[in-house]
$ cat data_17.pdb   # PDB, C-alpha atoms
ATOM      1  CA  MET L   1      15.576  -9.425  12.247
ATOM      2  CA  ALA L   2      14.006 -12.586  10.850
ATOM      3  CA  ILE L   3      10.548 -12.083   9.409
ATOM      4  CA  THR L   4       8.106 -14.179   7.474
ATOM      5  CA  ILE L   5       5.757 -12.709   4.889
ATOM      6  CA  ARG L   6       2.431 -14.401   4.453
ATOM      7  CA  PRO L   7      -1.102 -13.723   3.199
ATOM      8  CA  PHE L   8      -3.592 -11.764   5.285
ATOM      9  CA  GLU L   9      -5.768 -13.502   7.865
ATOM     10  CA  PRO L  10      -8.822 -11.866   9.481
ATOM     11  CA  SER L  11      -7.149 -12.275  12.891
ATOM     12  CA  ASP L  12      -4.546  -9.700  11.732
ATOM     13  CA  ILE L  13      -7.033  -6.820  11.889
ATOM     14  CA  SER L  14      -6.265  -5.801  15.470
ATOM     15  CA  ALA L  15      -2.539  -5.459  14.727
ATOM     16  CA  ILE L  16      -3.206  -3.750  11.386
ATOM     17  CA  ALA L  17      -5.521  -1.224  13.048
ATOM     18  CA  ALA L  18      -2.903  -0.496  15.727
ATOM     19  CA  ILE L  19      -0.100  -0.029  13.184
ATOM     20  CA  TYR L  20      -2.179   2.174  10.900
ATOM     21  CA  GLY L  21      -3.598   4.109  13.848
ATOM     22  CA  HIS L  22      -0.081   4.939  14.980
ATOM     23  CA  HIS L  23       0.797   6.305  11.530
ATOM     24  CA  VAL L  24      -2.444   8.296  11.290
ATOM     25  CA  MET L  25      -1.899   9.942  14.652
ATOM     26  CA  SER L  26       1.873  10.502  14.514
ATOM     27  CA  GLY L  27       2.707  11.062  10.857
ATOM     28  CA  PHE L  28       1.689  12.728   7.639
ATOM     29  CA  GLY L  29       2.033   9.890   5.124
ATOM     30  CA  THR L  30      -1.730   9.434   5.259
ATOM     31  CA  TYR L  31      -4.158  12.322   5.345
ATOM     32  CA  GLU L  32      -6.660  10.594   7.609
ATOM     33  CA  LEU L  33      -7.055  12.679  10.750
ATOM     34  CA  GLU L  34      -8.528  10.085  13.116
ATOM     35  CA  ALA L  35      -7.414   6.490  13.461
ATOM     36  CA  PRO L  36     -10.083   4.151  12.079
ATOM     37  CA  SER L  37     -11.603   1.610  14.457
ATOM     38  CA  GLU L  38     -10.915  -2.091  14.172
ATOM     39  CA  ASN L  39     -14.409  -2.528  12.727
ATOM     40  CA  GLU L  40     -13.696   0.073  10.044
ATOM     41  CA  MET L  41     -10.377  -1.564   9.189
ATOM     42  CA  ALA L  42     -12.100  -4.964   9.047
ATOM     43  CA  ALA L  43     -14.637  -3.548   6.578
ATOM     44  CA  ARG L  44     -11.867  -2.048   4.424
ATOM     45  CA  PHE L  45      -9.906  -5.285   4.333
ATOM     46  CA  ALA L  46     -13.054  -7.335   3.659
ATOM     47  CA  LYS L  47     -13.468  -5.324   0.427
ATOM     48  CA  LEU L  48      -9.882  -6.063  -0.564
ATOM     49  CA  VAL L  49     -10.369  -9.763   0.134
ATOM     50  CA  LYS L  50     -13.702  -9.827  -1.731
ATOM     51  CA  ASN L  51     -11.994  -8.332  -4.787
ATOM     52  CA  THR L  52      -9.016 -10.731  -4.488
ATOM     53  CA  LEU L  53      -6.535  -7.886  -4.143
ATOM     54  CA  PRO L  54      -3.038  -8.610  -2.770
ATOM     55  CA  ILE L  55      -2.505  -8.247   0.981
ATOM     56  CA  ARG L  56       0.770  -9.277   2.634
ATOM     57  CA  ILE L  57       1.638  -9.510   6.332
ATOM     58  CA  ALA L  58       5.143  -9.428   7.852
ATOM     59  CA  CYS L  59       5.500 -11.482  11.033
ATOM     60  CA  THR L  60       8.329 -11.772  13.510
ATOM     61  CA  ALA L  61       9.653 -15.138  14.656
ATOM     62  CA  ASP L  62       7.210 -14.832  17.594
ATOM     63  CA  GLY L  63       4.302 -14.479  15.181
ATOM     64  CA  ASP L  64       3.708 -10.793  15.927
ATOM     65  CA  VAL L  65       2.575  -8.619  13.016
ATOM     66  CA  ALA L  66       5.467  -6.262  12.251
ATOM     67  CA  GLY L  67       3.927  -4.630   9.188
ATOM     68  CA  TYR L  68       1.576  -5.043   6.290
ATOM     69  CA  ALA L  69       1.194  -4.060   2.669
ATOM     70  CA  TYR L  70      -1.699  -4.192   0.276
ATOM     71  CA  ALA L  71      -2.608  -3.110  -3.212
ATOM     72  CA  GLY L  72      -6.032  -1.589  -3.567
ATOM     73  CA  PRO L  73      -7.889  -0.203  -6.523
ATOM     74  CA  TYR L  74      -6.625   3.094  -7.868
ATOM     75  CA  ARG L  75      -9.364   5.718  -8.284
ATOM     76  CA  SER L  76     -12.031   3.624  -6.581
ATOM     77  CA  GLU L  77     -13.557   0.774  -8.496
ATOM     78  CA  ARG L  78     -14.210   2.454 -11.842
ATOM     79  CA  PRO L  79     -13.814  -0.230 -14.520
ATOM     80  CA  GLY L  80     -11.392   1.749 -16.684
ATOM     81  CA  TRP L  81      -8.838   1.757 -13.848
ATOM     82  CA  ARG L  82      -9.173  -1.956 -12.999
ATOM     83  CA  PHE L  83      -5.683  -2.907 -14.182
ATOM     84  CA  THR L  84      -3.989  -0.249 -12.012
ATOM     85  CA  LEU L  85      -3.286  -0.729  -8.310
ATOM     86  CA  GLU L  86      -2.268   1.662  -5.540
ATOM     87  CA  ASP L  87       0.048   0.235  -2.902
ATOM     88  CA  SER L  88       0.149   0.920   0.825
ATOM     89  CA  VAL L  89       2.963  -0.191   3.123
ATOM     90  CA  TYR L  90       2.948   0.299   6.897
ATOM     91  CA  VAL L  91       5.468  -0.966   9.451
ATOM     92  CA  ALA L  92       4.968  -1.127  13.229
ATOM     93  CA  PRO L  93       6.864   1.723  14.914
ATOM     94  CA  ASP L  94       9.158  -0.621  16.852
ATOM     95  CA  HIS L  95      10.155  -2.420  13.636
ATOM     96  CA  VAL L  96      10.950   0.565  11.398
ATOM     97  CA  GLY L  97      14.440   0.552   9.889
ATOM     98  CA  HIS L  98      14.872  -3.231   9.723
ATOM     99  CA  GLY L  99      14.030  -3.742   6.033
ATOM    100  CA  ILE L 100      10.469  -4.889   6.677
ATOM    101  CA  GLY L 101       8.904  -2.266   4.406
ATOM    102  CA  SER L 102      11.247  -3.286   1.610
ATOM    103  CA  ALA L 103      10.494  -6.990   2.050
ATOM    104  CA  LEU L 104       6.753  -6.296   2.108
ATOM    105  CA  LEU L 105       6.815  -4.122  -1.004
ATOM    106  CA  LEU L 106       8.922  -6.653  -2.928
ATOM    107  CA  ASP L 107       6.529  -9.455  -2.011
ATOM    108  CA  LEU L 108       3.476  -7.327  -2.830
ATOM    109  CA  ILE L 109       4.913  -6.585  -6.288
ATOM    110  CA  ARG L 110       5.628 -10.295  -6.814
ATOM    111  CA  VAL L 111       2.049 -11.251  -5.971
ATOM    112  CA  ALA L 112       0.569  -8.422  -8.062
ATOM    113  CA  GLU L 113       2.638  -9.423 -11.091
ATOM    114  CA  ASN L 114       0.939 -12.821 -11.003
ATOM    115  CA  GLY L 115      -2.466 -11.158 -11.334
ATOM    116  CA  PRO L 116      -4.136  -9.241 -14.169
ATOM    117  CA  TRP L 117      -2.761  -5.846 -13.136
ATOM    118  CA  ARG L 118      -0.374  -3.816 -15.277
ATOM    119  CA  GLN L 119       0.616  -0.764 -13.216
ATOM    120  CA  MET L 120       1.220  -0.057  -9.545
ATOM    121  CA  LEU L 121       1.116   3.458  -8.159
ATOM    122  CA  ALA L 122       2.413   4.851  -4.901
ATOM    123  CA  VAL L 123       0.555   7.918  -3.659
ATOM    124  CA  ILE L 124       2.900   9.275  -1.000
ATOM    125  CA  GLY L 125       1.583  11.851   1.440
ATOM    126  CA  ASP L 126       3.833  14.603   2.780
ATOM    127  CA  SER L 127       6.339  13.743   0.076
ATOM    128  CA  ALA L 128       8.668  16.608   0.995
ATOM    129  CA  ASN L 129       9.251  15.031   4.428
ATOM    130  CA  ASN L 130       8.632  11.383   3.566
ATOM    131  CA  ALA L 131      11.968  10.649   1.912
ATOM    132  CA  ALA L 132      12.048   7.098   3.292
ATOM    133  CA  SER L 133       8.872   6.126   1.421
ATOM    134  CA  VAL L 134      10.049   7.796  -1.786
ATOM    135  CA  ALA L 135      13.420   5.993  -1.512
ATOM    136  CA  LEU L 136      11.738   2.655  -0.736
ATOM    137  CA  HIS L 137       9.605   2.878  -3.855
ATOM    138  CA  ARG L 138      12.491   4.078  -6.022
ATOM    139  CA  ARG L 139      14.577   1.068  -4.883
ATOM    140  CA  HIS L 140      11.858  -1.221  -6.166
ATOM    141  CA  GLY L 141      11.455   0.224  -9.629
ATOM    142  CA  PHE L 142       8.998   3.058  -9.094
ATOM    143  CA  GLU L 143       9.619   6.305 -10.932
ATOM    144  CA  MET L 144       8.450   9.723  -9.837
ATOM    145  CA  VAL L 145       5.723  10.849 -12.227
ATOM    146  CA  GLY L 146       4.550  13.965 -10.449
ATOM    147  CA  THR L 147       3.956  15.954  -7.311
ATOM    148  CA  LEU L 148       0.566  17.330  -6.380
ATOM    149  CA  LYS L 149       1.250  20.571  -4.527
ATOM    150  CA  ASP L 150      -0.581  21.511  -1.342
ATOM    151  CA  THR L 151      -3.135  18.706  -1.607
ATOM    152  CA  GLY L 152      -3.241  17.430   1.974
ATOM    153  CA  TRP L 153      -4.087  19.579   4.999
ATOM    154  CA  LYS L 154      -2.767  17.964   8.170
ATOM    155  CA  GLY L 155      -0.820  19.240  11.146
ATOM    156  CA  ASP L 156      -1.946  22.800  10.419
ATOM    157  CA  GLU L 157      -0.128  23.007   7.119
ATOM    158  CA  TRP L 158      -0.397  21.990   3.494
ATOM    159  CA  ARG L 159       1.373  18.824   2.423
ATOM    160  CA  ASP L 160       2.476  17.779  -1.061
ATOM    161  CA  THR L 161       1.666  14.352  -2.482
ATOM    162  CA  ALA L 162       4.054  12.422  -4.715
ATOM    163  CA  ILE L 163       2.839  10.001  -7.354
ATOM    164  CA  MET L 164       5.246   7.216  -8.271
ATOM    165  CA  GLN L 165       4.600   4.468 -10.814
ATOM    166  CA  ARG L 166       5.947   1.025 -11.603
ATOM    167  CA  PRO L 167       4.881  -1.310 -14.393
ATOM    168  CA  LEU L 168       3.786  -4.828 -13.462
ATOM    169  CA  SER L 169       4.473  -7.821 -15.714
ATOM    170  CA  HIS L 170       4.029  -6.511 -19.277
ATOM    171  CA  GLY L 171       2.999  -3.016 -18.194
ATOM    172  CA  GLY L 172       1.389  -1.149 -21.059
ATOM    173  CA  GLU L 173       3.116  -3.159 -23.807
ATOM    174  CA  THR L 174       0.201  -5.505 -24.494
ATOM    175  CA  ALA L 175      -3.541  -5.623 -23.897
ATOM    176  CA  PRO L 176      -4.500  -7.018 -20.482
ATOM    177  CA  ASP L 177      -6.077 -10.391 -19.892
ATOM    178  CA  ARG L 178      -9.703  -9.497 -19.249
ATOM    179  CA  SER L 179     -10.923 -12.913 -18.168
ATOM    180  CA  GLY L 180     -12.810 -12.716 -14.926
ATOM    181  CA  MET L 181     -12.700  -8.931 -14.819
ATOM    182  CA  ILE L 182     -15.540  -6.411 -14.778
ATOM    183  CA  ALA L 183     -16.980  -5.775 -18.249
ATOM    184  CA  GLU L 184     -16.112  -2.482 -19.894
TER     185      GLU L 184
END
$ encode --input "data_17.pdb" --output "structure tokens"
Amino acid sequence: MAITIRPFEPSDISAIAAIYGHHVMSGFGTYELEAPSENEMAARFAKLVKNTLPIRIACTADGDVAGYAYAGPYRSERPGWRFTLEDSVYVAPDHVGHGIGSALLLDLIRVAENGPWRQMLAVIGDSANNAASVALHRRHGFEMVGTLKDTGWKGDEWRDTAIMQRPLSHGGETAPDRSGMIAE
């Protein structure tokens, strides 16, 4: 399947909300229990855009949104964490298994490595049953750094959460470039 990966546009929100809503309601990779509205998703993405965080969109040849990926702040917006990102990758249900998640994650990493960030984390819900997400991240240089046991309650049972990590650019080898960043 031919896809194009491009930056986010506000007109993508409807498709993003539908894709994420499907995963909220049918899976355990996210611990949200109700699918957020389009307005809520628009507000979330507006914060990412305002903070110039990477957002990538996968489109089919017809221009339909087949998936999306973004890197948001890890541990909210506390200044000490500002050089660490947490990725999210979601693929439309009718496009799963065609390499779209892999292409999105690779492109997201490429964009993030051109920014000031030094680490990218994957926080993978229902890690015991989410082998595809664990394998996707492992293929792209993420290492398993830990499993948080019984941390998500969804579907009437406890779910484990995996934490995977990948260095970006120089990782922790040198001090980050702090120009334009929040003061310590």
$ resolve_selection --input "data_17.pdb" --expression "the PyMOL selection byres ((chain L and resi 115) around 10)" --output "ChimeraX atom specification"
/L:52-54,83,110-114,116-118,168-169,177
$ residues_near_point --input "data_17.pdb" --point "(0.8, 11.3, -1.6)" --cutoff "12 Å" --atoms "all atoms listed in the file" --output "MDAnalysis selection string"
chainID L and resid 28:32 86:88 121:131 133:134 144:153 158:164
$ write_last_selection --input "data_17.pdb" --atoms "C-alpha atoms" --output "PDB file, in the frame of the given file"
ATOM      1  CA  PHE L  28       1.689  12.728   7.639  1.00  0.00           C
ATOM      2  CA  GLY L  29       2.033   9.890   5.124  1.00  0.00           C
ATOM      3  CA  THR L  30      -1.730   9.434   5.259  1.00  0.00           C
ATOM      4  CA  TYR L  31      -4.158  12.322   5.345  1.00  0.00           C
ATOM      5  CA  GLU L  32      -6.660  10.594   7.609  1.00  0.00           C
ATOM      6  CA  GLU L  86      -2.268   1.662  -5.540  1.00  0.00           C
ATOM      7  CA  ASP L  87       0.048   0.235  -2.902  1.00  0.00           C
ATOM      8  CA  SER L  88       0.149   0.920   0.825  1.00  0.00           C
ATOM      9  CA  LEU L 121       1.116   3.458  -8.159  1.00  0.00           C
ATOM     10  CA  ALA L 122       2.413   4.851  -4.901  1.00  0.00           C
ATOM     11  CA  VAL L 123       0.555   7.918  -3.659  1.00  0.00           C
ATOM     12  CA  ILE L 124       2.900   9.275  -1.000  1.00  0.00           C
ATOM     13  CA  GLY L 125       1.583  11.851   1.440  1.00  0.00           C
ATOM     14  CA  ASP L 126       3.833  14.603   2.780  1.00  0.00           C
ATOM     15  CA  SER L 127       6.339  13.743   0.076  1.00  0.00           C
ATOM     16  CA  ALA L 128       8.668  16.608   0.995  1.00  0.00           C
ATOM     17  CA  ASN L 129       9.251  15.031   4.428  1.00  0.00           C
ATOM     18  CA  ASN L 130       8.632  11.383   3.566  1.00  0.00           C
ATOM     19  CA  ALA L 131      11.968  10.649   1.912  1.00  0.00           C
ATOM     20  CA  SER L 133       8.872   6.126   1.421  1.00  0.00           C
ATOM     21  CA  VAL L 134      10.049   7.796  -1.786  1.00  0.00           C
ATOM     22  CA  MET L 144       8.450   9.723  -9.837  1.00  0.00           C
ATOM     23  CA  VAL L 145       5.723  10.849 -12.227  1.00  0.00           C
ATOM     24  CA  GLY L 146       4.550  13.965 -10.449  1.00  0.00           C
ATOM     25  CA  THR L 147       3.956  15.954  -7.311  1.00  0.00           C
ATOM     26  CA  LEU L 148       0.566  17.330  -6.380  1.00  0.00           C
ATOM     27  CA  LYS L 149       1.250  20.571  -4.527  1.00  0.00           C
ATOM     28  CA  ASP L 150      -0.581  21.511  -1.342  1.00  0.00           C
ATOM     29  CA  THR L 151      -3.135  18.706  -1.607  1.00  0.00           C
ATOM     30  CA  GLY L 152      -3.241  17.430   1.974  1.00  0.00           C
ATOM     31  CA  TRP L 153      -4.087  19.579   4.999  1.00  0.00           C
ATOM     32  CA  TRP L 158      -0.397  21.990   3.494  1.00  0.00           C
ATOM     33  CA  ARG L 159       1.373  18.824   2.423  1.00  0.00           C
ATOM     34  CA  ASP L 160       2.476  17.779  -1.061  1.00  0.00           C
ATOM     35  CA  THR L 161       1.666  14.352  -2.482  1.00  0.00           C
ATOM     36  CA  ALA L 162       4.054  12.422  -4.715  1.00  0.00           C
ATOM     37  CA  ILE L 163       2.839  10.001  -7.354  1.00  0.00           C
ATOM     38  CA  MET L 164       5.246   7.216  -8.271  1.00  0.00           C
TER      39      MET L 164
END
$ resolve_selection --input "data_17.pdb" --expression "the PyMOL selection byres ((chain L and resi 36-45) around 9)" --output "MDAnalysis selection string"
chainID L and resid 10 13:14 16:18 20:21 24 32 34:35 46:50 55
$ atom_distance --input "data_17.pdb" --atom1 "atom CA of L:Arg56" --atom2 "atom CA of L:Arg6"
5.7 Å
$ residues_near_point --input "data_17.pdb" --point "(17.8, -7.7, 8.8)" --cutoff "7 Å" --atoms "only C-alpha atoms" --output "list in words"
Met1, Ala2, His98 and Gly99 of chain L
